[in-house]
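Everything below belongs to work33.txt, which stores compact mmCIF, C-alpha atoms and all ligand atoms.
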# COMPACT_ATOMS: atom_id res chain seq x y z
CA MET A 102 -31.04 12.62 88.36
CA LYS A 103 -33.18 11.36 85.48
CA SER A 104 -32.45 14.39 83.32
CA ARG A 105 -28.67 14.04 83.96
CA LEU A 106 -28.84 10.47 82.69
CA ALA A 107 -30.83 11.60 79.67
CA ASN A 108 -28.21 14.29 78.99
CA ALA A 109 -25.38 11.77 79.21
CA ILE A 110 -27.17 9.40 76.85
CA SER A 111 -27.80 12.19 74.34
CA ILE A 112 -24.12 13.24 74.50
CA ILE A 113 -23.02 9.64 73.89
CA LEU A 114 -25.46 9.37 70.98
CA ILE A 115 -24.18 12.63 69.45
CA ILE A 116 -20.58 11.46 69.82
CA CYS A 117 -21.48 8.13 68.12
CA LEU A 118 -23.16 10.00 65.29
CA LEU A 119 -20.17 12.31 64.83
CA CYS A 120 -17.79 9.32 64.77
CA LEU A 121 -19.95 7.66 62.18
CA LEU A 122 -20.00 10.78 60.00
CA ALA A 123 -16.27 11.28 60.39
CA GLY A 124 -15.73 7.64 59.42
CA CYS A 125 -17.75 8.08 56.25
CA SER A 126 -16.07 11.25 55.06
CA ALA A 127 -12.63 9.85 55.84
CA ARG A 128 -13.22 7.10 53.26
CA PRO A 129 -10.77 7.61 50.41
CA GLU A 130 -12.32 8.79 47.18
CA GLY A 131 -11.15 8.40 43.61
CA MET A 132 -10.80 5.71 41.01
CA GLU A 133 -9.97 2.91 43.37
CA GLY A 134 -12.76 3.55 45.88
CA SER A 135 -12.96 0.71 48.37
CA GLY A 136 -15.29 -0.56 51.08
CA ASP A 137 -18.93 0.48 50.88
CA ILE A 138 -18.56 2.21 47.51
CA LYS A 139 -22.29 2.65 47.16
CA ASP A 140 -22.56 5.15 50.00
CA ASP A 141 -22.80 8.09 47.65
CA ASP A 142 -24.62 9.18 44.54
CA LEU A 143 -21.91 8.17 42.11
CA ILE A 144 -22.61 5.44 39.56
CA VAL A 145 -19.88 2.84 39.96
CA VAL A 146 -18.48 1.43 36.72
CA GLY A 147 -15.95 -1.40 36.67
CA PHE A 148 -14.06 -1.36 33.36
CA SER A 149 -11.85 -4.25 32.32
CA GLN A 150 -9.59 -2.94 29.56
CA VAL A 151 -7.56 -5.22 27.24
CA GLY A 152 -4.21 -3.57 28.00
CA SER A 153 -2.05 -0.84 26.52
CA GLU A 154 -0.74 -2.72 23.50
CA SER A 155 -1.34 -0.03 20.88
CA TYR A 156 -1.84 3.68 20.24
CA TRP A 157 -5.50 2.94 19.60
CA ARG A 158 -5.85 1.37 23.02
CA ASN A 159 -4.33 4.35 24.79
CA VAL A 160 -6.70 6.77 23.08
CA ASN A 161 -9.57 4.45 23.95
CA SER A 162 -8.59 4.29 27.65
CA GLU A 163 -8.40 8.08 27.77
CA SER A 164 -11.84 8.37 26.19
CA MET A 165 -13.29 6.11 28.90
CA LYS A 166 -11.46 7.83 31.76
CA SER A 167 -12.48 11.31 30.72
CA VAL A 168 -16.17 10.45 30.45
CA PHE A 169 -16.47 8.32 33.59
CA SER A 170 -15.24 11.05 35.90
CA LYS A 171 -16.49 12.14 39.29
CA ASP A 172 -17.65 15.43 37.80
CA ASN A 173 -19.89 13.47 35.47
CA GLY A 174 -21.30 11.47 38.38
CA TYR A 175 -19.24 8.28 38.09
CA ARG A 176 -16.65 6.34 39.98
CA LEU A 177 -14.55 4.36 37.53
CA ILE A 178 -12.66 1.26 38.61
CA PHE A 179 -10.20 0.79 35.75
CA GLU A 180 -8.40 -2.54 35.42
CA ASP A 181 -5.69 -3.08 32.78
CA ALA A 182 -5.59 -6.81 31.88
CA GLN A 183 -2.24 -6.69 30.07
CA GLN A 184 -3.70 -8.64 27.15
CA LYS A 185 -4.58 -11.64 29.39
CA GLN A 186 -8.07 -13.07 29.58
CA THR A 187 -7.40 -14.58 33.02
CA ASN A 188 -6.75 -11.06 34.36
CA GLN A 189 -10.06 -9.93 32.89
CA ILE A 190 -11.94 -12.79 34.55
CA THR A 191 -10.34 -11.91 37.90
CA ALA A 192 -11.28 -8.24 37.42
CA ILE A 193 -14.90 -9.08 36.62
CA ARG A 194 -15.14 -11.25 39.73
CA SER A 195 -13.79 -8.41 41.85
CA PHE A 196 -16.34 -6.01 40.30
CA ILE A 197 -19.09 -8.45 41.25
CA GLN A 198 -17.79 -8.69 44.81
CA ARG A 199 -17.67 -4.92 45.10
CA GLU A 200 -21.23 -4.69 43.81
CA VAL A 201 -20.51 -2.19 41.06
CA ASP A 202 -23.50 -0.76 39.19
CA TYR A 203 -22.20 -1.63 35.72
CA ILE A 204 -19.49 -3.86 34.29
CA VAL A 205 -17.88 -2.71 31.06
CA LEU A 206 -15.73 -5.27 29.28
CA ALA A 207 -13.39 -4.81 26.30
CA PRO A 208 -12.64 -8.51 25.79
CA VAL A 209 -9.18 -9.55 24.60
CA VAL A 210 -10.54 -12.62 22.77
CA GLU A 211 -14.05 -13.72 21.82
CA THR A 212 -14.44 -17.11 23.53
CA GLY A 213 -14.31 -18.27 27.16
CA TRP A 214 -16.70 -15.80 28.78
CA ASP A 215 -19.79 -17.91 29.53
CA THR A 216 -19.01 -18.76 33.16
CA VAL A 217 -17.94 -15.35 34.43
CA LEU A 218 -20.70 -13.53 32.58
CA SER A 219 -23.25 -15.93 34.11
CA GLU A 220 -21.88 -14.93 37.51
CA ALA A 221 -22.45 -11.26 36.67
CA LYS A 222 -25.95 -12.03 35.47
CA GLU A 223 -26.75 -13.89 38.70
CA ALA A 224 -25.53 -10.85 40.62
CA ASN A 225 -27.89 -8.73 38.50
CA ILE A 226 -25.15 -6.47 37.20
CA PRO A 227 -25.59 -5.27 33.60
CA VAL A 228 -22.59 -6.03 31.38
CA ILE A 229 -21.76 -3.72 28.47
CA ILE A 230 -19.30 -5.10 25.93
CA VAL A 231 -17.20 -2.54 24.11
CA ASP A 232 -14.85 -2.66 21.09
CA ARG A 233 -14.28 -6.42 20.51
CA ARG A 234 -17.07 -8.98 20.81
CA VAL A 235 -17.81 -12.00 23.01
CA ASP A 236 -18.92 -15.33 21.57
CA VAL A 237 -21.35 -16.77 24.15
CA ASP A 238 -24.08 -19.42 23.86
CA ASP A 239 -26.61 -17.25 25.66
CA GLU A 240 -26.80 -13.69 24.31
CA SER A 241 -28.64 -12.54 27.44
CA LEU A 242 -25.32 -12.79 29.31
CA PHE A 243 -24.54 -9.25 28.16
CA THR A 244 -26.79 -6.22 27.90
CA CYS A 245 -25.38 -4.81 24.66
CA TRP A 246 -22.26 -4.23 22.60
CA VAL A 247 -20.81 -1.17 20.85
CA GLY A 248 -17.84 -1.21 18.49
CA SER A 249 -16.63 -1.56 14.90
CA ASP A 250 -17.46 -3.96 12.10
CA PHE A 251 -13.98 -5.38 11.67
CA GLU A 252 -14.74 -7.59 8.69
CA LEU A 253 -16.22 -4.62 6.87
CA GLU A 254 -13.15 -2.55 7.73
CA GLY A 255 -10.98 -5.25 6.17
CA LYS A 256 -13.10 -5.39 3.04
CA MET A 257 -13.06 -1.60 2.70
CA VAL A 258 -9.26 -1.50 2.73
CA CYS A 259 -9.05 -4.36 0.21
CA MET A 260 -11.51 -2.58 -2.05
CA TRP A 261 -9.44 0.55 -1.88
CA MET A 262 -6.36 -1.49 -2.87
CA SER A 263 -8.18 -3.18 -5.74
CA LYS A 264 -9.43 0.15 -7.06
CA PHE A 265 -5.93 1.55 -6.83
CA PHE A 266 -4.35 -1.42 -8.65
CA ASN A 267 -6.98 -1.20 -11.40
CA LEU A 268 -6.34 2.50 -11.81
CA LYS A 269 -2.62 1.84 -12.27
CA GLY A 270 -3.22 -1.17 -14.52
CA ILE A 271 -1.48 -3.59 -12.13
CA SER A 272 -2.80 -7.11 -12.65
CA PRO A 273 -3.76 -9.18 -9.56
CA ASP A 274 -1.08 -11.84 -10.16
CA LYS A 275 1.54 -9.10 -9.62
CA ILE A 276 0.27 -8.55 -6.06
CA HIS A 277 2.28 -10.50 -3.45
CA VAL A 278 0.69 -9.62 -0.15
CA ALA A 279 1.47 -10.61 3.46
CA ASP A 280 -0.92 -10.23 6.39
CA ILE A 281 0.50 -9.21 9.78
CA GLN A 282 -2.33 -10.31 12.02
CA GLY A 283 -3.52 -8.90 15.33
CA THR A 284 -3.94 -10.86 18.58
CA LEU A 285 -5.22 -14.24 17.43
CA GLY A 286 -8.79 -14.91 18.51
CA SER A 287 -9.70 -11.24 19.03
CA SER A 288 -12.63 -9.88 17.03
CA ALA A 289 -10.43 -7.25 15.41
CA GLN A 290 -8.09 -9.97 14.11
CA LEU A 291 -10.81 -12.43 13.15
CA GLY A 292 -12.79 -9.81 11.22
CA ARG A 293 -9.88 -8.12 9.48
CA THR A 294 -8.30 -11.44 8.50
CA LYS A 295 -11.62 -12.79 7.22
CA GLY A 296 -12.31 -9.64 5.19
CA PHE A 297 -8.82 -9.87 3.70
CA GLN A 298 -8.99 -13.58 2.92
CA GLU A 299 -12.30 -13.29 1.11
CA MET A 300 -11.30 -10.28 -0.96
CA ALA A 301 -7.81 -11.58 -1.79
CA LYS A 302 -9.40 -14.78 -3.07
CA MET A 303 -12.01 -12.87 -5.04
CA TYR A 304 -9.47 -10.53 -6.66
CA GLY A 305 -6.90 -13.31 -7.23
CA TRP A 306 -3.98 -11.81 -5.26
CA ASP A 307 -1.01 -13.97 -4.31
CA VAL A 308 -1.06 -14.24 -0.50
CA VAL A 309 2.49 -15.07 0.56
CA ALA A 310 2.25 -15.22 4.37
CA TYR A 311 0.26 -14.78 7.58
CA GLU A 312 2.31 -13.79 10.61
CA GLU A 313 1.05 -12.76 14.06
CA GLY A 314 1.92 -9.24 15.23
CA GLU A 315 -0.26 -9.04 18.39
CA PHE A 316 -1.23 -5.44 17.54
CA THR A 317 2.10 -4.16 18.88
CA LYS A 318 4.94 -2.33 17.17
CA SER A 319 7.60 -4.72 18.47
CA LYS A 320 5.76 -7.85 17.32
CA GLY A 321 5.00 -6.10 14.04
CA LYS A 322 8.74 -5.71 13.55
CA GLU A 323 9.41 -9.35 14.33
CA ALA A 324 6.66 -10.47 11.97
CA MET A 325 8.00 -8.29 9.14
CA SER A 326 11.51 -9.69 9.60
CA VAL A 327 10.19 -13.27 9.43
CA ILE A 328 8.20 -12.47 6.26
CA LEU A 329 11.16 -10.79 4.52
CA ARG A 330 13.42 -13.75 5.23
CA SER A 331 11.34 -16.12 3.11
CA HIS A 332 9.36 -13.82 0.82
CA ASP A 333 11.46 -11.03 -0.55
CA ASP A 334 9.00 -10.67 -3.44
CA VAL A 335 6.41 -9.22 -1.03
CA ASN A 336 5.12 -5.90 -2.38
CA VAL A 337 2.04 -5.28 -0.19
CA VAL A 338 1.80 -5.63 3.59
CA TYR A 339 -1.68 -5.70 5.13
CA CYS A 340 -1.07 -4.74 8.78
CA GLU A 341 -4.01 -5.28 11.12
CA ASN A 342 -3.25 -2.05 13.01
CA ASP A 343 -1.10 1.07 12.85
CA SER A 344 1.31 -0.03 15.57
CA GLU A 345 2.26 -3.10 13.52
CA ALA A 346 2.50 -0.95 10.38
CA LEU A 347 4.99 1.42 12.00
CA GLY A 348 7.07 -1.59 13.10
CA ALA A 349 6.93 -3.10 9.60
CA ILE A 350 8.04 0.19 8.00
CA GLU A 351 11.09 0.34 10.29
CA VAL A 352 12.16 -3.16 9.27
CA LEU A 353 11.52 -2.62 5.56
CA GLU A 354 13.46 0.64 5.53
CA ALA A 355 16.34 -0.90 7.48
CA SER A 356 16.52 -3.61 4.81
CA GLY A 357 16.75 -0.98 2.06
CA ARG A 358 13.14 -1.15 0.84
CA LYS A 359 11.05 1.95 0.26
CA CYS A 360 7.47 2.07 1.54
CA GLY A 361 4.93 3.67 -0.79
CA ASN A 362 2.25 2.99 -3.36
CA ASP A 363 4.54 2.82 -6.41
CA ILE A 364 4.87 -0.95 -6.29
CA GLU A 365 5.70 -1.18 -9.99
CA ASN A 366 8.94 0.58 -9.19
CA GLY A 367 9.88 -1.59 -6.23
CA GLU A 368 8.07 0.18 -3.38
CA VAL A 369 6.24 -1.85 -0.74
CA MET A 370 2.65 -0.76 -0.18
CA ILE A 371 1.62 -0.63 3.48
CA VAL A 372 -2.04 -0.60 4.50
CA SER A 373 -3.36 -0.71 8.05
CA PHE A 374 -6.16 0.12 10.49
CA ASP A 375 -7.02 2.70 13.20
CA GLY A 376 -5.85 6.17 12.04
CA PHE A 377 -5.90 7.94 15.42
CA ASN A 378 -2.21 8.18 16.11
CA GLU A 379 -0.03 11.12 15.12
CA GLU A 380 2.89 8.96 14.01
CA ALA A 381 0.69 6.81 11.80
CA ARG A 382 -1.07 9.83 10.30
CA ALA A 383 2.33 11.40 9.62
CA ALA A 384 3.35 8.18 7.86
CA VAL A 385 0.26 8.55 5.63
CA ALA A 386 1.08 12.19 4.88
CA ALA A 387 4.63 11.10 4.00
CA GLY A 388 3.27 8.44 1.63
CA LYS A 389 4.68 5.52 3.66
CA ILE A 390 1.26 4.16 4.64
CA SER A 391 -1.01 4.17 1.58
CA CYS A 392 -4.34 3.52 3.22
CA ILE A 393 -5.78 3.17 6.72
CA GLY A 394 -9.18 1.68 7.48
CA GLU A 395 -10.59 3.96 10.17
CA CYS A 396 -11.23 2.35 13.54
CA ASN A 397 -12.74 4.82 15.95
CA PRO A 398 -11.54 4.46 19.58
CA MET A 399 -13.78 7.15 21.14
CA HIS A 400 -16.10 4.74 22.90
CA GLY A 401 -16.36 6.60 26.23
CA PRO A 402 -19.35 8.79 25.24
CA ARG A 403 -21.02 5.82 23.51
CA VAL A 404 -20.84 3.62 26.59
CA GLU A 405 -21.98 6.51 28.75
CA SER A 406 -25.07 7.09 26.65
CA ILE A 407 -25.91 3.38 27.00
CA ILE A 408 -25.63 3.68 30.78
CA ARG A 409 -27.82 6.79 30.76
CA LYS A 410 -30.47 4.86 28.84
CA LEU A 411 -30.33 1.98 31.30
CA GLU A 412 -30.57 4.40 34.22
CA ALA A 413 -33.71 5.84 32.62
CA GLY A 414 -35.17 2.35 32.39
CA GLU A 415 -34.83 2.21 28.59
CA GLN A 416 -33.46 -0.70 26.59
CA PRO A 417 -30.43 0.16 24.42
CA GLU A 418 -29.98 -1.52 21.05
CA LYS A 419 -28.28 -4.89 21.45
CA LEU A 420 -25.56 -4.29 18.83
CA GLN A 421 -24.34 -0.81 17.87
CA TYR A 422 -21.90 -0.41 14.99
CA VAL A 423 -19.78 2.69 14.54
CA LEU A 424 -19.73 4.12 11.00
CA GLU A 425 -16.18 4.45 9.67
CA GLY A 426 -14.31 5.61 6.57
CA ILE A 427 -10.85 5.44 5.05
CA PHE A 428 -7.72 7.58 5.30
CA SER A 429 -5.26 7.75 2.41
CA ASP A 430 -2.24 9.57 1.06
CA THR A 431 -3.84 10.07 -2.35
CA SER A 432 -7.05 11.59 -3.64
CA GLU A 433 -7.07 9.30 -6.68
CA ILE A 434 -9.77 7.15 -5.11
CA GLU A 435 -12.55 9.24 -3.66
CA THR A 436 -14.94 6.65 -2.26
CA VAL A 437 -15.34 2.97 -1.68
CA MET A 438 -18.70 1.26 -2.01
CA ILE A 439 -19.49 -1.33 0.66
CA SER A 440 -22.77 -2.96 1.74
CA GLY A 441 -24.62 -0.60 -0.57
CA GLN A 442 -23.09 2.45 1.11
CA GLU A 443 -20.45 4.87 -0.09
CA ARG A 444 -17.62 5.36 2.37
CA ALA A 445 -15.54 8.49 2.05
CA VAL A 446 -11.77 8.48 1.58
CA THR A 447 -10.17 11.30 3.59
CA VAL A 448 -6.78 12.43 2.35
CA ILE A 449 -4.21 13.16 5.06
CA THR A 450 -1.60 15.76 4.17
CA ASP A 451 1.07 17.55 6.24
CA LYS A 452 -1.44 20.34 6.87
CA ASP A 453 -3.70 17.92 8.77
CA LEU A 454 -1.06 16.91 11.27
O1 LIG B 1 -7.39 -1.80 16.05
C1 LIG B 1 -5.80 -2.16 17.76
C2 LIG B 1 -5.98 -2.48 19.18
O2 LIG B 1 -9.76 -3.96 19.17
C3 LIG B 1 -10.22 -2.29 17.59
O3 LIG B 1 -7.10 -3.34 19.19
C4 LIG B 1 -9.29 -2.80 18.61
C5 LIG B 1 -7.89 -3.04 18.08
C6 LIG B 1 -7.22 -1.86 17.41
O4 LIG B 1 -4.93 -2.85 19.89
O5 LIG B 1 -4.93 -1.10 17.52

Turn this file's structure into structure tokens for me.
Amino acid sequence: MKSRLANAISIILIICLLCLLAGCSARPEGMEGSGDIKDDDLIVVGFSQVGSESYWRNVNSESMKSVFSKDNGYRLIFEDAQQKQTNQITAIRSFIQREVDYIVLAPVVETGWDTVLSEAKEANIPVIIVDRRVDVDDESLFTCWVGSDFELEGKMVCMWMSKFFNLKGISPDKIHVADIQGTLGSSAQLGRTKGFQEMAKMYGWDVVAYEEGEFTKSKGKEAMSVILRSHDDVNVVYCENDSEALGAIEVLEASGRKCGNDIENGEVMIVSFDGFNEEARAAVAAGKISCIGECNPMHGPRVESIIRKLEAGEQPEKLQYVLEGIFSDTSEIETVMISGQERAVTVITDKDL
């Protein structure tokens, strides 16, 4: 009698165990893993991305997705914020609730992060900032940052322009330049605008307008139309990314202007930033964009190496800058000297496309 009872109990226990196992393996896997996401060996990374406003952003998202794959030992929770900070704050709070291992944030703007990052700190979740920066009172609210020096990028492009104008004997008062700015309040806009403002003042260029282009092609078009309406003497357009530049070119060409570096003969010089999009590179090869300040979007492997360091109990550097150069349609200027360093100018021709 006793052994029958023992048998029955063991059978019930085995059934319970099997149900439990079945329950676990039936849990859906993949990017949007839910429930007890920690029940496996994968490192869970919650990534709040700015949006999909530009070519640069799309390449950047791909770089992150390809590195944080299951094969590499990660589960990535990818949230697209559609260029809205409120969406990013909501995403970070959901990452905290789901107890992810790491939060990665590409912030749309610099300010307004103190509260939500304090919440992440209280939950003991390391926060890695990527691409743009955050402006917080307490720097311990994030573990580290990796991205570009946007002000330096701006200065590099302006130096290239100045060298080019000198070479052609064009005096600074003949330069009528407009700035199509990126998303106001983002590091990429703040840095590139600041670099431009300082250099334009130093060289004595005539700055005719600032217009916001939100880093998108459509807003770049709108901004260019507004500028042309009141400043038809504009002969240089400083676009804060390639998407805006491609929009500006469309508008200029539709209005009968030619884009190129021969501004003495009526062409409009276009300069921009990024350099990782086929269409923009083709525009350089065709001479329509004269110079692009490189902005490297391949941050996936960089963020991953930070996470590997943290996993090994090491402390990554707080701020990590990516070294960048310049792309141009002409070999007339070979290098640009900035912060005591020579930066190479890479010529893009049809063969490179
Ligand atoms: O230049 C632009 C994008 O923050 C560096 O954002 C990034 C900028 C990039 O939308 O194309």

Could you list, as a ChimeraX atom specification, all the residues within 10 Å of ligand LIG 1 (chain B), counting all atoms listed in the file?
-> /A:151-161,184,207-210,231-234,248-251,283-284,287-290,293,315-318,341-345,373-378,394-398

Inset, instruction - Find the residues with any atom within 12 Å of (-15.8, -21.6, 26.9); use only C-alpha atoms and the coordinates as given in the file, and write the answer as a list in words. - result: Gln186, Val210, Glu211, Thr212, Gly213, Trp214, Asp215, Thr216, Val217, Leu218, Ser219, Val235, Asp236, Val237, Asp238 and Asp239 of chain A

Counting only C-alpha atoms, the residue among A:Leu347, A:Val437, A:Phe179, A:Phe266 that lies closest to Ser167 of chain A is A:Phe179

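Here atom CA of Gly321 of chain A and atom CA of Asn188 of chain A stand 24.0 Å from one another.
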
Restricting to all atoms listed in the file, whichever of A:Phe196, A:Tyr175, A:Trp246, A:Trp306 is closest to Ser272 of chain A is A:Trp306

Shell around segment 442-448 of chain A at 8 Å using all atoms listed in the file, local window under 4 positions removed, as an mmCIF file with C-alpha atoms, in the frame of the given file:
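Heads up, here's the output in part32.cif:
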data_model
loop_
_atom_site.group_PDB
_atom_site.id
_atom_site.type_symbol
_atom_site.label_atom_id
_atom_site.label_comp_id
_atom_site.auth_asym_id
_atom_site.auth_seq_id
_atom_site.Cartn_x
_atom_site.Cartn_y
_atom_site.Cartn_z
ATOM 1 C CA GLU A 425 -16.180 4.450 9.670
ATOM 2 C CA GLY A 426 -14.310 5.610 6.570
ATOM 3 C CA ILE A 427 -10.850 5.440 5.050
ATOM 4 C CA PHE A 428 -7.720 7.580 5.300
ATOM 5 C CA SER A 429 -5.260 7.750 2.410
ATOM 6 C CA ASP A 430 -2.240 9.570 1.060
ATOM 7 C CA THR A 431 -3.840 10.070 -2.350
ATOM 8 C CA SER A 432 -7.050 11.590 -3.640
ATOM 9 C CA ILE A 434 -9.770 7.150 -5.110
ATOM 10 C CA GLU A 435 -12.550 9.240 -3.660
ATOM 11 C CA THR A 436 -14.940 6.650 -2.260
ATOM 12 C CA VAL A 437 -15.340 2.970 -1.680
ATOM 13 C CA MET A 438 -18.700 1.260 -2.010
#

Write out as a PDB file with C-alpha atoms, keeping the file's coordinate frame each polymer residue whose atoms come within 6 Å of segment 399-401 of chain A, counting all atoms listed in the file; drop sequence neighbours fewer than 2 positions from it.
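Once written, selection.pdb looks like this:
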ATOM      1  CA  ASN A 161      -9.570   4.450  23.950  1.00  0.00           C
ATOM      2  CA  SER A 164     -11.840   8.370  26.190  1.00  0.00           C
ATOM      3  CA  MET A 165     -13.290   6.110  28.900  1.00  0.00           C
ATOM      4  CA  VAL A 168     -16.170  10.450  30.450  1.00  0.00           C
ATOM      5  CA  ASN A 397     -12.740   4.820  15.950  1.00  0.00           C
ATOM      6  CA  ARG A 403     -21.020   5.820  23.510  1.00  0.00           C
ATOM      7  CA  VAL A 404     -20.840   3.620  26.590  1.00  0.00           C
TER       8      VAL A 404
END

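Taking atom CA of Leu329 of chain A and atom CA of Leu353 of chain A as the two end points, the separation is 8.2 Å.
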
Interatomic distance between atom CA of Val205 of chain A and atom CA of Phe243 of chain A?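 Separation between atom CA of Val205 of chain A and atom CA of Phe243 of chain A: 9.8 Å.
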
Judged by all atoms listed in the file, the minimum distance to Leu242 of chain A among A:Cys340, A:Ala386, A:Glu254, A:Ile204 is found for A:Ile204

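Taking all atoms listed in the file into account, Pro417 of chain A lies nearest to A:Thr244 out of the set A:Thr244, A:Ala182, A:Ile190, A:Pro227.
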
Would you mind putting back N, CA and C atoms on segment 393-405 of chain A, then writing it out as a PDB file, in the frame of the given file?
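Writing the result to selection31.pdb gives the following:
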ATOM      1  N   ILE A 393      -5.422   3.654   5.372  1.00  0.00           N
ATOM      2  CA  ILE A 393      -5.780   3.170   6.720  1.00  0.00           C
ATOM      3  C   ILE A 393      -7.293   3.022   6.789  1.00  0.00           C
ATOM      4  N   GLY A 394      -7.755   1.868   7.219  1.00  0.00           N
ATOM      5  CA  GLY A 394      -9.180   1.680   7.480  1.00  0.00           C
ATOM      6  C   GLY A 394      -9.457   2.283   8.854  1.00  0.00           C
ATOM      7  N   GLU A 395     -10.321   3.284   8.886  1.00  0.00           N
ATOM      8  CA  GLU A 395     -10.590   3.960  10.170  1.00  0.00           C
ATOM      9  C   GLU A 395     -11.152   2.988  11.189  1.00  0.00           C
ATOM     10  N   CYS A 396     -10.622   3.075  12.420  1.00  0.00           N
ATOM     11  CA  CYS A 396     -11.230   2.350  13.540  1.00  0.00           C
ATOM     12  C   CYS A 396     -11.324   3.348  14.680  1.00  0.00           C
ATOM     13  N   ASN A 397     -12.529   3.719  15.016  1.00  0.00           N
ATOM     14  CA  ASN A 397     -12.740   4.820  15.950  1.00  0.00           C
ATOM     15  C   ASN A 397     -12.655   4.346  17.413  1.00  0.00           C
ATOM     16  N   PRO A 398     -11.723   4.909  18.186  1.00  0.00           N
ATOM     17  CA  PRO A 398     -11.540   4.460  19.580  1.00  0.00           C
ATOM     18  C   PRO A 398     -12.352   5.238  20.626  1.00  0.00           C
ATOM     19  N   MET A 399     -13.102   6.249  20.187  1.00  0.00           N
ATOM     20  CA  MET A 399     -13.780   7.150  21.140  1.00  0.00           C
ATOM     21  C   MET A 399     -15.059   6.522  21.694  1.00  0.00           C
ATOM     22  N   HIS A 400     -14.909   5.451  22.417  1.00  0.00           N
ATOM     23  CA  HIS A 400     -16.100   4.740  22.900  1.00  0.00           C
ATOM     24  C   HIS A 400     -16.651   5.264  24.231  1.00  0.00           C
ATOM     25  N   GLY A 401     -15.888   6.101  24.935  1.00  0.00           N
ATOM     26  CA  GLY A 401     -16.360   6.600  26.230  1.00  0.00           C
ATOM     27  C   GLY A 401     -17.775   7.166  26.159  1.00  0.00           C
ATOM     28  N   PRO A 402     -18.008   8.191  25.317  1.00  0.00           N
ATOM     29  CA  PRO A 402     -19.350   8.790  25.240  1.00  0.00           C
ATOM     30  C   PRO A 402     -20.416   7.782  24.799  1.00  0.00           C
ATOM     31  N   ARG A 403     -20.033   6.820  23.975  1.00  0.00           N
ATOM     32  CA  ARG A 403     -21.020   5.820  23.510  1.00  0.00           C
ATOM     33  C   ARG A 403     -21.459   4.924  24.664  1.00  0.00           C
ATOM     34  N   VAL A 404     -20.496   4.488  25.450  1.00  0.00           N
ATOM     35  CA  VAL A 404     -20.840   3.620  26.590  1.00  0.00           C
ATOM     36  C   VAL A 404     -21.654   4.420  27.610  1.00  0.00           C
ATOM     37  N   GLU A 405     -21.258   5.685  27.772  1.00  0.00           N
ATOM     38  CA  GLU A 405     -21.980   6.510  28.750  1.00  0.00           C
ATOM     39  C   GLU A 405     -23.445   6.700  28.345  1.00  0.00           C
TER      40      GLU A 405
END
